[in-house]
Amino acid sequence: MPPAPQSVTVRVPAKVNVQLAVGGRRTDGYHDLANVFFAVALGDQVTASPADTLRITVSGPDADQVPLDDGNLAARAARLLARRHGLAPDVHLHIAKDIPVAGGMAGGSADGAAALVACDALWGTATPRDILLELAAELGSDVPFALLGGVALGHGRGEILRPLPVAGTFHWVFAVADGGLSTPAVFRECDRLRDLAGTGSDTAAVPDPQADPALLDALATGDTVALAAALSNDLQPAALSLRPALAATLRAGADGGAIGTLVSGSGPTCAFLTKDEDSAAAVATALATSGTCRSVRVTHGPVPGATVLHRP
């Protein structure tokens, strides 16, 4: 047997939802989704090392906002994988954050996925991919996609994934807001706004969510302009209702030359699709000088999911 590695580092991407169609509220309180995930090069790194007990440390932007206990999905991932294999979850997980915290880009879910892959490699448990995906789904709706990466259509709560064909590279700019938005609160506001509009918010009133054929075709053909026209997020009105200032951020990006704008997931990060790399730089400059956001990030995609970078 080869010696156990001293540490394993996994890189994991952030996501943007290029379509988020939200069905009616189910009796269990959840909503069925048609959720087109898109992995971007902005990402975190999680390093797993042997330890006498489970320990989490964090560095990078907003590190002080990341929980160091079982509120952290990376810790829960380590415990879940260890329990699956009858092991003690004795590991030091260091998270180098680069994904905005509570920004609608699934940073916590990404860290959970990375921890699964890193601990599996560190402990030599060789968990089959389908089992890792099952464990990821137990952790949360966005965790399986962080394992998969690329572009995928999520159904159910978003955890049932079908990889989608995509051509070429798309260029994105993200505007990070001050503070976060609670995902459950955004879903509750979505329901409230639907009830207020008189359309109803339960499954009897809201059609089953479906992926937009025009959006899927734009991804498959690499048509940036068509993708920009098809971007949609049913949670965006709720995010804007809870954080009206986001409307100014979206306008600033559009005025700066973005061809597609939307709130990312449940927000409050805003995403801007651009024609090319040069346009992305111009949009980033416009946003940075607009005074409507805390910081601006330029990136591209799609990229792979959780990937081992370092295994001595």
# chains A, B, ... in the order shown; residues from 1 in each chain; ligands from 1
$ residues_around --residues "stretch 197-209 of chain A" --least-positions-apart "3" --cutoff "7 Å" --atoms "only C-alpha atoms" --output "ChimeraX atom specification"
/A:21-26,33-34,191,193-194
$ write_last_selection --atoms "N, CA and C atoms" --output "JSON list (two decimals), in the first residue's frame"
[["chain", "number", "residue", "atom", "x", "y", "z"],
["A", 21, "ALA", "N", -35.76, 28.52, -12.35],
["A", 21, "ALA", "CA", -37.22, 28.50, -12.40],
["A", 21, "ALA", "C", -37.72, 27.83, -11.12],
["A", 22, "VAL", "N", -38.59, 28.51, -10.39],
["A", 22, "VAL", "CA", -39.03, 28.07, -9.07],
["A", 22, "VAL", "C", -40.49, 27.65, -9.14],
["A", 23, "GLY", "N", -40.76, 26.40, -8.79],
["A", 23, "GLY", "CA", -42.12, 25.91, -8.73],
["A", 23, "GLY", "C", -42.83, 26.38, -7.48],
["A", 24, "GLY", "N", -44.03, 25.89, -7.27],
["A", 24, "GLY", "CA", -44.81, 26.27, -6.10],
["A", 24, "GLY", "C", -44.28, 25.64, -4.82],
["A", 25, "ARG", "N", -44.68, 26.23, -3.70],
["A", 25, "ARG", "CA", -44.27, 25.71, -2.39],
["A", 25, "ARG", "C", -44.93, 24.36, -2.14],
["A", 26, "ARG", "N", -44.10, 23.33, -1.85],
["A", 26, "ARG", "CA", -44.61, 22.01, -1.57],
["A", 26, "ARG", "C", -45.09, 21.92, -0.13],
["A", 33, "LEU", "N", -37.43, 22.84, -8.56],
["A", 33, "LEU", "CA", -36.67, 23.82, -9.35],
["A", 33, "LEU", "C", -36.32, 23.25, -10.71],
["A", 34, "ALA", "N", -36.19, 24.12, -11.68],
["A", 34, "ALA", "CA", -35.44, 23.84, -12.90],
["A", 34, "ALA", "C", -34.28, 24.83, -12.85],
["A", 191, "ASP", "N", -42.65, 33.53, -2.31],
["A", 191, "ASP", "CA", -44.03, 33.06, -2.06],
["A", 191, "ASP", "C", -44.94, 34.24, -1.73],
["A", 193, "LEU", "N", -44.69, 37.40, -2.54],
["A", 193, "LEU", "CA", -44.96, 38.24, -3.71],
["A", 193, "LEU", "C", -45.94, 37.56, -4.66],
["A", 194, "ARG", "N", -45.83, 36.26, -4.79],
["A", 194, "ARG", "CA", -46.79, 35.53, -5.64],
["A", 194, "ARG", "C", -48.20, 35.60, -5.06]]
$ select_by_dssp --residues "stretch 107-270 of chain A" --states "strand (DSSP E or B)" --output "PyMOL selection string"
chain A and resi 149+151-155+160-163+170-176+202+232-233+260-263+270
$ residues_around --residues "stretch 136-139 of chain A" --least-positions-apart "4" --cutoff "6 Å" --atoms "only C-alpha atoms" --output "list in words"
Val143, Pro144 and Glu159 of chain A
$ atom_distance --atom1 "atom CA of A:Ala118" --atom2 "atom CA of A:Thr269"
27.6 Å
$ closest_residue --among "A:Pro61, A:Pro268, A:Gly301, A:Pro13" --to "A:Gly168" --atoms "only C-alpha atoms"
A:Gly301
$ closest_atom_pairs --of "stretch 274-298 of chain A" --to "stretch 238-247 of chain A" --cutoff "12 Å" --atoms "only C-alpha atoms" --output "CSV"
residue,atom,partner,partner_atom,distance
A:Gly291,CA,A:Ala245,CA,10.9
A:Thr292,CA,A:Ala245,CA,7.6
A:Cys293,CA,A:Leu246,CA,8.5
A:Arg294,CA,A:Leu246,CA,11.6
$ atom_distance --atom1 "atom CA of A:Tyr30" --atom2 "atom CA of A:Ser109"
17.7 Å
$ atom_distance --atom1 "atom CA of A:Asn35" --atom2 "atom CA of A:Ser266"
12.1 Å
$ residues_around --residues "stretch 78-91 of chain A" --least-positions-apart "3" --cutoff "7 Å" --atoms "only C-alpha atoms" --output "ChimeraX atom specification"
/A:48-55,74-75,115-116,119
$ residues_around --residues "A:Asp212" --least-positions-apart "4" --cutoff "8 Å" --atoms "only C-alpha atoms" --output "number ranges by chain"
A: 19, 216, 230
$ closest_residue --among "A:Leu161, A:Ala110, A:Asp217, A:Val308" --to "A:Asp130" --atoms "only C-alpha atoms"
A:Leu161
$ closest_residue --among "A:Thr224, A:Ser264, A:Thr299, A:Ser7" --to "A:Ala280" --atoms "only C-alpha atoms"
A:Thr299
$ residues_around --residues "A:Arg129" --least-positions-apart "4" --cutoff "10 Å" --atoms "only C-alpha atoms" --output "PDB file with N, CA and C atoms, in the first residue's frame"
ATOM      1  N   VAL A 117     -14.260  15.376  -1.408  1.00  0.00           N
ATOM      2  CA  VAL A 117     -13.215  14.881  -2.306  1.00  0.00           C
ATOM      3  C   VAL A 117     -11.865  14.831  -1.588  1.00  0.00           C
ATOM      4  N   LEU A 133     -21.883  11.612  -4.853  1.00  0.00           N
ATOM      5  CA  LEU A 133     -22.992  12.480  -5.239  1.00  0.00           C
ATOM      6  C   LEU A 133     -24.186  12.297  -4.298  1.00  0.00           C
ATOM      7  N   GLU A 134     -24.440  11.064  -3.855  1.00  0.00           N
ATOM      8  CA  GLU A 134     -25.513  10.831  -2.885  1.00  0.00           C
ATOM      9  C   GLU A 134     -25.217  11.549  -1.569  1.00  0.00           C
ATOM     10  N   LEU A 135     -23.979  11.443  -1.096  1.00  0.00           N
ATOM     11  CA  LEU A 135     -23.600  12.119   0.148  1.00  0.00           C
ATOM     12  C   LEU A 135     -23.708  13.636  -0.024  1.00  0.00           C
ATOM     13  N   LEU A 147     -19.503  19.247  -7.078  1.00  0.00           N
ATOM     14  CA  LEU A 147     -18.712  18.072  -7.442  1.00  0.00           C
ATOM     15  C   LEU A 147     -18.614  17.923  -8.953  1.00  0.00           C
ATOM     16  N   LEU A 148     -19.733  18.161  -9.626  1.00  0.00           N
ATOM     17  CA  LEU A 148     -19.828  17.893 -11.063  1.00  0.00           C
ATOM     18  C   LEU A 148     -19.169  18.984 -11.904  1.00  0.00           C
TER      19      LEU A 148
END
